[in-house]
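Asks: Input structure: target-v1.txt, which contains compact mmCIF, C-alpha atoms and all ligand atoms.
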# COMPACT_ATOMS: atom_id res chain seq x y z
CA MET R 1436 9.65 13.61 26.49
CA ILE R 1437 10.63 12.17 23.12
CA ASP R 1438 8.11 11.72 20.32
CA LEU R 1439 8.68 10.25 16.88
CA LEU R 1440 6.28 11.06 14.08
CA PRO R 1441 6.89 9.50 10.63
CA LEU R 1442 6.04 11.98 7.87
CA GLY R 1443 6.64 9.51 5.02
CA GLY R 1444 8.57 6.38 4.05
CA ALA R 1445 7.42 4.66 7.20
CA ASP R 1446 6.09 1.43 5.77
CA GLU R 1447 7.62 1.54 2.29
CA ILE R 1448 10.69 2.79 0.45
CA GLY R 1449 9.48 6.23 -0.48
CA ALA R 1450 9.45 9.77 0.83
CA ASN R 1451 11.56 9.07 3.91
CA SER R 1452 11.16 11.66 6.62
CA TYR R 1453 10.81 11.30 10.38
CA TYR R 1454 10.08 14.04 12.88
CA LEU R 1455 11.54 13.87 16.38
CA ASN R 1456 10.41 16.15 19.19
CA ILE R 1457 13.01 16.03 21.94
CA ASP R 1458 11.84 18.08 24.94
CA GLY R 1459 10.57 20.80 22.63
CA THR R 1460 13.36 20.74 20.04
CA GLY R 1461 12.05 19.67 16.63
CA ILE R 1462 14.37 17.61 14.43
CA VAL R 1463 13.48 16.24 11.00
CA LEU R 1464 15.51 13.21 9.94
CA ASP R 1465 15.68 13.15 6.13
CA CYS R 1466 13.41 14.86 3.69
CA GLY R 1467 12.92 12.44 0.82
CA MET R 1468 10.86 12.40 -2.32
CA HIS R 1469 9.05 9.26 -3.49
CA PRO R 1470 10.79 8.06 -6.66
CA GLN R 1471 7.65 6.52 -8.20
CA LYS R 1472 5.18 9.31 -7.45
CA THR R 1473 4.80 12.83 -8.79
CA GLY R 1474 3.58 16.20 -7.49
CA LEU R 1475 2.34 16.56 -3.92
CA ASP R 1476 1.97 12.78 -3.56
CA SER R 1477 5.74 12.42 -3.84
CA LEU R 1478 6.43 14.58 -0.75
CA PRO R 1479 6.32 13.69 2.95
CA ASP R 1480 3.19 14.97 4.72
CA PHE R 1481 4.55 18.22 6.18
CA GLU R 1482 1.03 19.22 7.33
CA LEU R 1483 1.47 16.74 10.18
CA ILE R 1484 3.96 19.07 11.89
CA LYS R 1485 2.32 22.40 11.19
CA ASP R 1486 1.69 23.10 14.89
CA LYS R 1487 4.96 21.65 16.17
CA PRO R 1488 8.39 23.19 16.68
CA VAL R 1489 10.77 22.59 13.75
CA ASP R 1490 14.39 23.61 14.34
CA TYR R 1491 16.72 21.23 12.47
CA VAL R 1492 16.90 18.91 9.50
CA PHE R 1493 19.60 16.24 9.40
CA ILE R 1494 20.12 14.50 6.06
CA SER R 1495 21.50 10.94 6.10
CA HIS R 1496 22.54 10.85 2.41
CA ALA R 1497 21.85 12.37 -0.98
CA HIS R 1498 19.61 9.72 -2.56
CA GLN R 1499 16.34 11.15 -3.87
CA ASP R 1500 14.20 9.25 -1.36
CA HIS R 1501 16.08 10.89 1.53
CA LEU R 1502 16.91 14.36 0.20
CA ASN R 1503 14.84 15.68 -2.68
CA ALA R 1504 11.88 17.11 -0.76
CA LEU R 1505 14.24 19.51 1.03
CA PRO R 1506 13.76 22.44 -1.41
CA PHE R 1507 9.98 22.18 -0.84
CA PHE R 1508 10.37 21.85 2.93
CA ILE R 1509 12.58 24.92 3.14
CA LYS R 1510 9.87 27.05 1.52
CA ARG R 1511 7.65 26.28 4.52
CA TYR R 1512 10.43 26.54 7.10
CA PRO R 1513 13.01 29.05 5.82
CA HIS R 1514 14.48 29.43 9.33
CA VAL R 1515 15.34 25.78 9.82
CA LYS R 1516 18.97 24.71 10.22
CA ILE R 1517 20.12 21.89 7.95
CA VAL R 1518 23.15 19.76 8.79
CA THR R 1519 24.71 16.86 6.90
CA THR R 1520 28.18 15.56 5.97
CA PRO R 1521 30.38 17.68 3.65
CA GLN R 1522 30.21 14.93 0.99
CA THR R 1523 26.41 14.77 1.03
CA ARG R 1524 26.28 18.56 0.75
CA ALA R 1525 28.58 18.46 -2.30
CA VAL R 1526 26.58 15.72 -4.01
CA ALA R 1527 23.25 17.38 -3.12
CA GLU R 1528 24.28 20.50 -5.00
CA LEU R 1529 24.60 18.42 -8.18
CA THR R 1530 21.55 16.20 -7.75
CA LEU R 1531 19.12 18.93 -6.68
CA HIS R 1532 20.01 21.09 -9.68
CA ASN R 1533 19.68 18.05 -11.92
CA ALA R 1534 16.27 17.17 -10.44
CA ILE R 1535 14.74 20.43 -11.66
CA SER R 1536 14.69 19.40 -15.32
CA ILE R 1537 13.31 15.96 -14.41
CA LEU R 1538 10.53 17.57 -12.34
CA LYS R 1539 9.71 19.95 -15.18
CA ARG R 1540 9.29 17.01 -17.55
CA GLN R 1541 7.06 15.12 -15.12
CA ILE R 1542 4.80 17.85 -13.85
CA ASP R 1543 2.20 19.72 -15.81
CA ASP R 1544 0.16 20.72 -12.74
CA GLU R 1545 0.47 24.50 -12.29
CA SER R 1546 -0.42 24.33 -8.59
CA PHE R 1547 2.72 22.32 -7.82
CA GLN R 1548 5.48 24.87 -7.83
CA ILE R 1549 8.91 23.58 -8.73
CA TYR R 1550 11.90 25.33 -7.17
CA SER R 1551 14.48 27.25 -9.21
CA HIS R 1552 18.24 26.88 -9.71
CA GLU R 1553 18.71 30.08 -7.65
CA GLU R 1554 16.75 28.53 -4.80
CA VAL R 1555 18.99 25.45 -4.89
CA ASP R 1556 22.08 27.70 -4.77
CA LEU R 1557 20.72 29.50 -1.70
CA LEU R 1558 19.69 26.24 -0.07
CA ILE R 1559 23.13 24.67 -0.54
CA LYS R 1560 24.80 27.75 0.96
CA SER R 1561 22.58 27.41 4.03
CA ILE R 1562 23.43 23.73 4.63
CA GLY R 1563 25.82 23.25 7.52
CA TYR R 1564 28.17 20.28 7.50
CA LYS R 1565 29.98 18.13 10.02
CA ALA R 1566 32.57 15.43 9.42
CA TYR R 1567 32.06 11.90 10.76
CA ASN R 1568 32.56 11.59 14.52
CA ASP R 1569 32.78 15.35 15.03
CA VAL R 1570 30.29 15.75 17.91
CA PHE R 1571 28.19 18.93 17.81
CA GLU R 1572 25.48 20.40 20.01
CA VAL R 1573 22.09 21.75 19.03
CA SER R 1574 19.15 23.20 20.91
CA GLY R 1575 15.77 24.34 19.70
CA TYR R 1576 15.06 28.03 19.49
CA ASN R 1577 11.29 27.57 19.84
CA GLY R 1578 11.43 26.78 23.54
CA GLY R 1579 13.39 23.54 23.33
CA LYS R 1580 14.87 22.56 26.68
CA GLY R 1581 18.55 21.67 27.10
CA LYS R 1582 21.36 20.73 24.77
CA ILE R 1583 21.29 17.79 22.38
CA LYS R 1584 24.51 16.13 21.21
CA VAL R 1585 24.71 14.88 17.63
CA GLU R 1586 27.32 12.71 15.92
CA PHE R 1587 27.52 11.30 12.38
CA TYR R 1588 28.70 7.72 11.75
CA ASP R 1589 29.82 6.55 8.30
CA ALA R 1590 26.94 4.35 7.05
CA GLY R 1591 28.94 2.63 4.26
CA HIS R 1592 26.02 2.97 1.81
CA ILE R 1593 27.24 5.67 -0.64
CA LEU R 1594 29.71 8.57 -0.41
CA GLY R 1595 28.73 10.85 2.48
CA SER R 1596 26.06 8.53 3.89
CA THR R 1597 25.65 8.70 7.63
CA GLY R 1598 23.92 7.10 10.57
CA ILE R 1599 22.92 9.75 13.09
CA LEU R 1600 23.42 9.47 16.85
CA ILE R 1601 21.36 11.92 18.90
CA GLN R 1602 21.78 12.15 22.65
CA LYS R 1603 19.66 14.14 25.12
CA ASP R 1604 20.81 13.71 28.74
CA ASP R 1605 21.25 9.94 28.92
CA PHE R 1606 18.72 9.02 26.23
CA ARG R 1607 20.48 7.90 23.05
CA ILE R 1608 18.79 7.65 19.65
CA PHE R 1609 20.42 6.14 16.55
CA TYR R 1610 18.93 6.52 13.07
CA THR R 1611 20.60 4.22 10.54
CA GLY R 1612 19.55 6.02 7.34
CA ASP R 1613 20.47 3.52 4.61
CA ILE R 1614 23.26 1.43 6.05
CA ASN R 1615 25.62 -1.25 4.77
CA LEU R 1616 27.88 -3.23 7.09
CA SER R 1617 29.59 -5.00 4.15
CA THR R 1618 32.31 -3.70 1.92
CA GLN R 1619 31.62 -2.75 -1.71
CA THR R 1620 34.28 -2.04 -4.34
CA ILE R 1621 34.71 1.59 -3.24
CA MET R 1622 32.76 2.00 -0.03
CA SER R 1623 33.98 0.24 3.08
CA GLY R 1624 31.45 -1.04 5.61
CA ALA R 1625 29.51 1.06 8.12
CA VAL R 1626 30.77 2.22 11.50
CA ILE R 1627 28.22 2.16 14.31
CA PRO R 1628 28.28 3.56 17.88
CA GLU R 1629 30.15 1.53 20.50
CA SER R 1630 27.58 1.52 23.24
CA LYS R 1631 23.91 0.91 23.88
CA VAL R 1632 21.16 3.13 22.52
CA ASN R 1633 17.67 3.57 23.93
CA LEU R 1634 15.93 4.03 20.62
CA LEU R 1635 17.00 2.62 17.26
CA ILE R 1636 15.28 3.74 14.07
CA THR R 1637 16.42 1.21 11.48
CA GLU R 1638 15.95 0.64 7.77
CA CYS R 1639 14.65 -2.79 6.68
CA THR R 1640 15.27 -2.85 2.92
CA TYR R 1641 16.46 -6.46 2.78
CA GLY R 1642 14.29 -7.75 5.65
CA ALA R 1643 12.31 -9.96 3.27
CA THR R 1644 15.30 -11.16 1.24
CA ASP R 1645 16.74 -14.56 2.06
CA SER R 1646 20.46 -13.93 2.44
CA ASN R 1647 21.24 -17.25 0.73
CA SER R 1648 20.07 -15.54 -2.44
CA LEU R 1649 22.68 -12.82 -1.97
CA ASN R 1650 26.30 -13.65 -2.82
CA ASN R 1651 28.98 -11.75 -1.05
CA TRP R 1652 30.34 -8.85 -3.09
CA GLU R 1653 33.42 -10.67 -4.39
CA GLU R 1654 31.50 -13.76 -5.49
CA GLU R 1655 29.00 -11.54 -7.24
CA VAL R 1656 31.84 -9.67 -9.02
CA ASN R 1657 33.19 -13.00 -10.34
CA LYS R 1658 29.79 -14.19 -11.54
CA PHE R 1659 29.14 -10.78 -13.12
CA THR R 1660 32.52 -10.75 -14.89
CA SER R 1661 32.13 -14.18 -16.44
CA SER R 1662 28.59 -13.36 -17.61
CA LEU R 1663 29.85 -10.09 -19.16
CA ASN R 1664 32.66 -11.95 -20.93
CA LYS R 1665 30.22 -14.46 -22.44
CA VAL R 1666 28.16 -11.70 -24.07
CA LEU R 1667 31.12 -9.53 -25.11
CA ASN R 1668 33.03 -12.42 -26.63
CA LYS R 1669 30.07 -13.20 -28.88
CA GLY R 1670 30.03 -9.58 -30.03
CA GLY R 1671 27.07 -8.43 -27.92
CA SER R 1672 26.64 -5.19 -25.98
CA ILE R 1673 25.40 -5.00 -22.42
CA LEU R 1674 23.13 -2.39 -20.88
CA ILE R 1675 23.43 -1.97 -17.11
CA PRO R 1676 20.83 0.35 -15.55
CA VAL R 1677 22.44 2.12 -12.56
CA PHE R 1678 21.67 5.00 -10.22
CA SER R 1679 23.98 7.95 -10.92
CA LEU R 1680 24.82 8.16 -7.25
CA GLY R 1681 26.40 5.12 -5.67
CA LYS R 1682 25.76 2.26 -8.06
CA LEU R 1683 27.42 3.94 -11.06
CA GLN R 1684 30.64 4.57 -9.14
CA GLU R 1685 30.74 1.05 -7.68
CA ILE R 1686 30.04 -0.70 -11.01
CA LEU R 1687 32.39 1.54 -13.02
CA ALA R 1688 35.20 0.89 -10.55
CA THR R 1689 34.43 -2.84 -10.60
CA LEU R 1690 34.54 -3.04 -14.41
CA TYR R 1691 37.79 -1.10 -14.60
CA LEU R 1692 39.54 -3.13 -11.92
CA GLN R 1693 38.43 -6.42 -13.51
CA MET R 1694 39.75 -5.24 -16.90
CA LYS R 1695 43.02 -4.15 -15.31
CA LYS R 1696 43.42 -7.58 -13.72
CA GLY R 1697 42.84 -9.17 -17.15
CA LYS R 1698 39.67 -10.90 -15.99
CA LEU R 1699 37.22 -8.89 -18.07
CA THR R 1700 37.48 -8.42 -21.85
CA GLU R 1701 38.68 -4.88 -22.54
CA THR R 1702 35.87 -2.99 -24.18
CA ASP R 1703 34.33 0.48 -24.46
CA ILE R 1704 32.45 1.69 -21.41
CA TYR R 1705 29.73 4.28 -21.93
CA THR R 1706 28.55 6.56 -19.12
CA GLY R 1707 27.23 10.11 -19.04
CA GLY R 1708 25.15 12.81 -17.43
CA ILE R 1709 25.12 13.79 -13.79
CA GLY R 1710 26.94 10.57 -12.81
CA ASN R 1711 30.20 11.87 -14.29
CA LYS R 1712 30.00 14.97 -12.09
CA ILE R 1713 29.31 12.82 -9.04
CA ASN R 1714 32.42 10.76 -9.94
CA ARG R 1715 34.46 13.92 -9.38
CA VAL R 1716 33.06 14.31 -5.85
CA TYR R 1717 34.01 10.69 -5.13
CA ASP R 1718 37.50 11.47 -6.51
CA TYR R 1719 38.00 14.66 -4.46
CA ASN R 1720 37.04 12.82 -1.29
CA ARG R 1721 39.06 9.68 -1.84
CA TYR R 1722 41.54 10.45 0.94
CA VAL R 1723 39.03 12.29 3.12
CA VAL R 1724 36.65 9.45 3.95
CA LYS R 1725 37.36 5.83 4.77
CA ARG R 1726 37.13 3.87 1.51
CA ASN R 1727 38.81 1.18 -0.59
CA GLU R 1728 40.84 1.69 -3.75
CA THR R 1729 41.97 5.18 -2.72
CA GLU R 1730 44.32 5.37 -5.71
CA LEU R 1731 41.49 4.77 -8.16
CA VAL R 1732 40.35 8.00 -9.84
CA LEU R 1733 36.95 7.42 -11.45
CA HIS R 1734 37.35 10.40 -13.75
CA ASP R 1735 40.51 8.85 -15.26
CA ILE R 1736 38.80 5.60 -16.28
CA PRO R 1737 38.41 5.70 -20.09
CA GLN R 1738 34.72 6.31 -20.80
CA LYS R 1739 32.67 7.37 -23.81
CA SER R 1740 29.60 9.54 -23.42
CA ILE R 1741 26.17 8.05 -24.19
CA TYR R 1742 24.99 11.60 -24.82
CA GLU R 1743 27.46 12.11 -27.65
CA ILE R 1744 26.41 9.22 -29.85
CA LYS R 1745 24.42 10.11 -32.95
CA ASN R 1746 22.13 7.12 -32.76
CA THR R 1747 21.72 4.06 -30.56
CA GLU R 1748 22.81 1.70 -33.34
CA GLU R 1749 26.40 2.83 -32.70
CA LEU R 1750 26.23 0.97 -29.39
CA PHE R 1751 25.83 -2.34 -31.23
CA LYS R 1752 28.59 -1.90 -33.84
CA TYR R 1753 31.24 -3.15 -31.44
CA PRO R 1754 30.74 -4.89 -28.10
CA ALA R 1755 30.23 -2.25 -25.40
CA ILE R 1756 29.16 -1.90 -21.78
CA VAL R 1757 26.67 0.89 -21.22
CA LEU R 1758 25.97 2.27 -17.75
CA ALA R 1759 22.83 4.39 -17.87
CA SER R 1760 20.52 5.85 -15.26
CA SER R 1761 17.95 5.48 -13.84
CA GLY R 1762 18.70 2.31 -11.92
CA MET R 1763 15.04 1.24 -11.89
CA VAL R 1764 14.59 2.10 -15.59
CA VAL R 1765 12.00 4.79 -14.82
CA GLU R 1766 10.05 6.03 -17.84
CA SER R 1767 11.66 8.75 -20.01
CA THR R 1768 15.14 8.26 -18.51
CA MET R 1769 18.18 7.22 -20.55
CA SER R 1770 18.13 3.61 -19.31
CA TYR R 1771 14.44 3.36 -20.30
CA ILE R 1772 15.07 4.67 -23.82
CA LEU R 1773 18.01 2.31 -24.27
CA ALA R 1774 16.22 -0.69 -22.71
CA LYS R 1775 13.43 -0.42 -25.28
CA ARG R 1776 16.02 -0.78 -28.05
CA TRP R 1777 18.04 -3.44 -26.19
CA LEU R 1778 15.05 -5.74 -25.74
CA LYS R 1779 14.89 -6.16 -29.53
CA GLN R 1780 18.57 -7.10 -29.94
CA LYS R 1781 19.23 -10.86 -29.98
CA ASP R 1782 22.96 -10.93 -29.18
CA ALA R 1783 22.74 -8.19 -26.51
CA ALA R 1784 22.04 -8.39 -22.79
CA ILE R 1785 20.57 -6.32 -19.99
CA PHE R 1786 22.18 -6.95 -16.60
CA THR R 1787 20.42 -5.53 -13.57
CA VAL R 1788 22.58 -4.87 -10.52
CA GLY R 1789 20.38 -3.55 -7.74
CA TYR R 1790 17.08 -3.34 -5.95
CA MET R 1791 14.00 -2.85 -8.15
CA ASP R 1792 10.72 -1.49 -6.85
CA GLU R 1793 7.83 -3.70 -8.03
CA ARG R 1794 6.09 -0.78 -9.69
CA THR R 1795 9.01 0.09 -12.00
CA PRO R 1796 9.83 -0.99 -15.59
CA GLY R 1797 13.18 -2.16 -14.18
CA TYR R 1798 11.37 -4.78 -12.09
CA LYS R 1799 9.55 -6.08 -15.17
CA ILE R 1800 12.83 -6.33 -17.09
CA ALA R 1801 14.77 -7.93 -14.25
CA ASN R 1802 12.14 -10.65 -13.89
CA ALA R 1803 11.68 -11.39 -17.61
CA ARG R 1804 13.36 -14.07 -19.69
CA ARG R 1805 14.16 -14.32 -23.37
CA GLY R 1806 10.94 -15.05 -25.26
CA ASP R 1807 8.64 -13.44 -22.67
CA LYS R 1808 6.33 -10.65 -23.73
CA ILE R 1809 6.49 -7.56 -21.53
CA LYS R 1810 4.91 -4.12 -21.44
CA LEU R 1811 7.28 -1.57 -19.92
CA SER R 1812 4.57 1.02 -19.21
CA ASP R 1813 0.95 1.85 -19.99
CA ASN R 1814 2.08 3.97 -22.94
CA GLU R 1815 3.99 1.17 -24.62
CA LYS R 1816 3.01 -1.80 -26.72
CA GLU R 1817 3.83 -5.30 -25.56
CA THR R 1818 7.26 -6.37 -26.83
CA GLU R 1819 9.00 -9.70 -27.02
CA VAL R 1820 12.24 -9.97 -25.05
CA LYS R 1821 14.91 -10.96 -27.55
CA CYS R 1822 18.03 -10.08 -25.55
CA GLU R 1823 19.43 -11.98 -22.61
CA ILE R 1824 18.46 -10.76 -19.14
CA LYS R 1825 20.40 -11.47 -15.99
CA LYS R 1826 19.93 -10.31 -12.43
CA PHE R 1827 22.86 -9.48 -10.13
CA ARG R 1828 22.74 -8.17 -6.60
CA PHE R 1829 25.36 -5.59 -5.71
CA SER R 1830 23.79 -4.46 -2.52
CA ALA R 1831 24.46 -1.09 -0.91
CA HIS R 1832 22.23 -2.15 1.99
CA SER R 1833 22.87 -4.53 4.85
CA ARG R 1834 21.50 -8.01 4.46
CA ARG R 1835 18.98 -8.92 7.14
CA GLU R 1836 21.41 -10.81 9.39
CA GLU R 1837 23.59 -7.69 9.40
CA LEU R 1838 20.63 -5.57 10.45
CA MET R 1839 20.16 -8.04 13.31
CA GLN R 1840 23.88 -7.66 14.16
CA ILE R 1841 23.37 -3.90 14.42
CA ILE R 1842 20.46 -4.51 16.79
CA ASN R 1843 22.52 -6.91 18.90
CA ARG R 1844 25.42 -4.49 19.13
CA LEU R 1845 23.33 -1.43 19.97
CA ASN R 1846 21.03 -3.38 22.31
CA PRO R 1847 18.18 -0.85 22.03
CA ASP R 1848 15.19 -0.80 24.42
CA ASN R 1849 13.01 0.37 21.55
CA VAL R 1850 13.28 -0.36 17.84
CA VAL R 1851 11.29 1.47 15.18
CA LEU R 1852 11.25 -0.30 11.81
CA VAL R 1853 11.22 1.95 8.75
CA HIS R 1854 12.10 1.84 5.03
CA GLY R 1855 10.93 -1.61 4.05
CA ASP R 1856 7.89 -3.35 2.63
CA THR R 1857 5.42 -5.20 4.87
CA GLU R 1858 7.14 -8.54 4.44
CA ALA R 1859 10.54 -7.04 5.32
CA ILE R 1860 9.19 -5.35 8.42
CA ASP R 1861 7.40 -8.56 9.53
CA TRP R 1862 10.59 -10.62 9.30
CA MET R 1863 12.58 -8.01 11.21
CA GLY R 1864 9.91 -7.59 13.89
CA SER R 1865 9.54 -11.31 14.57
CA SER R 1866 13.31 -11.93 14.51
CA ILE R 1867 13.92 -9.14 17.03
CA LEU R 1868 11.24 -10.45 19.39
CA LYS R 1869 12.51 -14.04 19.07
CA LEU R 1870 15.85 -12.91 20.54
CA ASN R 1871 14.47 -10.62 23.22
CA LYS R 1872 10.84 -10.44 24.25
CA GLU R 1873 11.44 -7.42 26.49
CA ARG R 1874 12.44 -5.24 23.58
CA LYS R 1875 9.72 -2.93 22.29
CA VAL R 1876 9.33 -3.09 18.52
CA TYR R 1877 7.30 -0.51 16.63
CA ILE R 1878 6.20 -0.65 13.02
CA SER R 1879 6.16 2.93 11.92
CA GLU R 1880 3.17 4.37 10.13
CA THR R 1881 3.02 7.76 8.48
CA GLY R 1882 1.15 10.16 10.77
CA LYS R 1883 1.18 7.87 13.80
CA GLU R 1884 3.13 9.36 16.67
CA ILE R 1885 5.13 7.10 19.01
CA SER R 1886 6.13 8.42 22.46
CA PHE R 1887 9.15 7.35 24.49
CA ALA R 1888 10.29 8.15 28.01
ZN ZN R 1901 20.03 5.26 -0.27
As structure tokens, how would this structure be written, given the file I've shared?
Ligand SMILES: [Zn+2]
Replies:
Amino acid sequence: MIDLLPLGGADEIGANSYYLNIDGTGIVLDCGMHPQKTGLDSLPDFELIKDKPVDYVFISHAHQDHLNALPFFIKRYPHVKIVTTPQTRAVAELTLHNAISILKRQIDDESFQIYSHEEVDLLIKSIGYKAYNDVFEVSGYNGGKGKIKVEFYDAGHILGSTGILIQKDDFRIFYTGDINLSTQTIMSGAVIPESKVNLLITECTYGATDSNSLNNWEEEVNKFTSSLNKVLNKGGSILIPVFSLGKLQEILATLYLQMKKGKLTETDIYTGGIGNKINRVYDYNRYVVKRNETELVLHDIPQKSIYEIKNTEELFKYPAIVLASSGMVVESTMSYILAKRWLKQKDAAIFTVGYMDERTPGYKIANARRGDKIKLSDNEKETEVKCEIKKFRFSAHSRREELMQIINRLNPDNVVLVHGDTEAIDWMGSSILKLNKERKVYISETGKEISFA
């Protein structure tokens, strides 16, 4: 008997976590924290599994919405075994420590206990790791029956990201995590299992996005480069909000390679914070995992630190490119502080490069034009947009036709759609059924259990 119970992130991009009960062995896939919520609301609903066996947690990658609830989960289930890729484990050590200070800033509720640096150290030590395609066996120690085979498949999303293949007898389950079939500047596309699966749990991030609106990576790089040149050559500085994990490394590598080829005006690049430490993990692993530009060492790219400037005006003295997190310009982050200043600067520009949740200041910026009046958050006054704003799409997720390719290749009897908004899930669901009416398609809902053979 196989049951799937979404604990969060089912019908949105949020606290992704899915519980599988496979003949009595309890496996939690991902343990994410909602990036736009705080306190208990930001965590998956662990109460839903309080009477069920919980033996393992597998983590698909180290983004906040897949990983950051783990320190809270482990307080409830100290015995649980956690397994991920070695790269995700290395990045998690950095990002979980870094998250503590962010949580402390956000939370003034005494009842919500934040974990400590010592707890993160212990947690990281307890995380087991397996390389891609290194098959391992698990079995529940709460009465789970039989052995379960597990294998990680490079998901091509960020360093260490993995799709997870789980096989019990002849029933095969594949969880995509966040997956990208296309090549980015550093990451090369995802690898997926060769043969049929019975149950596919797939992300739907770009299900609602018309692929005609998405250039391929190379075309987007060219468009991006010429837009950067236009601003730089007029003496303006450009702010690019990026996530410290994934987007920073891809954009930094892209800028450097374009400058080296003589296509992009040579100029100062500012970075800083946790992203620089993550760059080192990308560098250490450059021959270990399948990737492009293996000779490129991110740490060696000349960069100035945003944290070492005395005041923001320095960033406008000479043309500069500033990569600052968070990617969605969340309040009180570096990109938010800089964006407020940037909006007032006529010759400057803000270029957005990734997905923006509708509830974030980043979404408001990405969809504004010069002359518009916008209010970044409830605490701010309305301001007029004086700088240029341009939207680029450097996607770390598969476009929807690629998600359909994955479905065609894995030919699943059952598909559970997760990690997408309603519109995305609707498009995916109807497209899957159009191709094959026999296939069972489930829209996952937090707290609603789905049973399979
Ligand atoms: Zn992700």
Asks: Quote the spacing between CA of Glu1748 (chain R) and CA of Tyr1691 (chain R) in Å to one decimal place.
Replies: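 We find that CA of Glu1748 (chain R) and CA of Tyr1691 (chain R) lie 24.2 Å from each other.
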Asks: Show me which residues sit within 12 Å of ligand ZN 1901 (chain R) when counting all atoms listed in the file, and put them as a PyMOL selection string.
Replies: chain R and resi 1448-1451+1465+1467-1468+1470+1494-1503+1523+1590-1598+1611-1615+1638-1640+1678-1682+1789-1790+1830-1833+1854
Asks: Write out as a tab-separated table a residue-level contact list of region 1780-1856 of chain R versus region 1453-1464 of chain R with cut-off 12 Å: for each qualifying residue the closest pair of atoms and the distance in Å to one decimal, counting only C-alpha atoms, rows sorted by chain and residue number upward.
Replies:
residue	atom	partner	partner_atom	distance
R:Val1851	CA	R:Tyr1453	CA	10.9
R:Leu1852	CA	R:Tyr1453	CA	11.7
R:Val1853	CA	R:Tyr1453	CA	9.5
R:His1854	CA	R:Tyr1453	CA	10.9
Asks: Between CA of Gln1602 (chain R) and CA of Asp1589 (chain R), what distance in Å does the model show, to one decimal?
Replies: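 Between CA of Gln1602 (chain R) and CA of Asp1589 (chain R) the gap is 17.4 Å.
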Asks: Counting all atoms listed in the file, which residues come within 10 Å of (32.2, -6.2, -10.8), with the point read in the file's coordinates, and could you list them as a PyMOL selection string?
Replies: chain R and resi 1619-1620+1652-1661+1663+1685-1694+1699+1788+1827+1829
Asks: For Lys1487 (chain R), which residue out of R:Asn1533, R:Asn1577, R:Gln1541, R:Ser1886 is the nearest one, using only C-alpha atoms?
Replies: R:Asn1577
Asks: I'd like the neighbourhood of region 1841-1846 of chain R as an MDAnalysis selection string, where a residue qualifies if any of its atoms comes within 6 Å (using only C-alpha atoms), though same-chain residues fewer than 3 positions away should be ignored.
Replies: chainID R and resid 1631:1632 1838
Asks: Calculate how many Å separate CA of Gly1563 (chain R) from CA of Pro1506 (chain R), rounding to one decimal.
Replies: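 Spanning CA of Gly1563 (chain R) to CA of Pro1506 (chain R) is a straight-line distance of 15.0 Å.
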Asks: Set the distance at 12 Å and use all atoms listed in the file: which residues neighbour Val1555 (chain R) once local chain neighbours fewer than 6 positions away are removed? I'd like the list as a count of residues only.
Replies: 20
Asks: Please provide as number ranges by chain all residues within 10 Å of region 1877-1885 of chain R, with the sequence filter that same-chain residues fewer than 6 positions apart are discarded (counting all atoms listed in the file).
Replies: R: 1437-1447, 1451-1455, 1479-1484, 1636, 1849-1854, 1857, 1860-1861, 1863-1864
Asks: Residues at most 7 Å from Ile1599 (chain R), counting all atoms listed in the file, excluding those fewer than 3 positions away in the same chain, as a short mmCIF file (atom, residue, chain, number, x, y, z; two decimals) with C-alpha atoms, in the coordinates of the input?
Replies:
data_model
loop_
_atom_site.label_atom_id
_atom_site.label_comp_id
_atom_site.auth_asym_id
_atom_site.auth_seq_id
_atom_site.Cartn_x
_atom_site.Cartn_y
_atom_site.Cartn_z
CA GLU R 1586 27.32 12.71 15.92
CA PHE R 1587 27.52 11.30 12.38
CA TYR R 1588 28.70 7.72 11.75
CA PHE R 1609 20.42 6.14 16.55
CA TYR R 1610 18.93 6.52 13.07
CA THR R 1611 20.60 4.22 10.54
#
Asks: Smallest atom-to-atom distance to Asp1703 (chain R): which of R:Pro1754, R:Pro1521, R:Pro1676, R:Gly1671, using all atoms listed in the file?
Replies: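 Answer, going by the shortest atom-to-atom distance: R:Pro1754.
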Asks: Taking all atoms listed in the file into account, which of R:Asp1782, R:Asp1735, R:Glu1858, R:Glu1701 comes nearest Glu1823 (chain R)?
Replies: R:Asp1782
Asks: Identify which of the residues R:Lys1826, R:Arg1540, R:Lys1696, R:Lys1669 lies closest to Thr1768 (chain R), counting only C-alpha atoms when measuring atom-to-atom distances.
Replies: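 For Thr1768 (chain R), the nearest of the candidates is R:Arg1540.
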Asks: Between R:Leu1811, R:Leu1683, R:Leu1478, R:Leu1634, which one has atoms that come closest to Ile1772 (chain R), using only C-alpha atoms?
Replies: R:Leu1811
Asks: Would you please work out which residue, of R:Ser1866, R:Asn1720, R:Thr1787, R:Ser1740, is nearest to Val1764 (chain R) when using all atoms listed in the file?
Replies: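 Using all atoms listed in the file, Val1764 (chain R) sits closest to R:Thr1787.
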Asks: Using all atoms listed in the file, determine which residues lie at most 7 Å from Val1573 (chain R), disregarding the query and same-chain residues fewer than 2 positions distant; provide the list as a VMD selection string.
Replies: chain R and resid 1571 1575 1582 to 1584
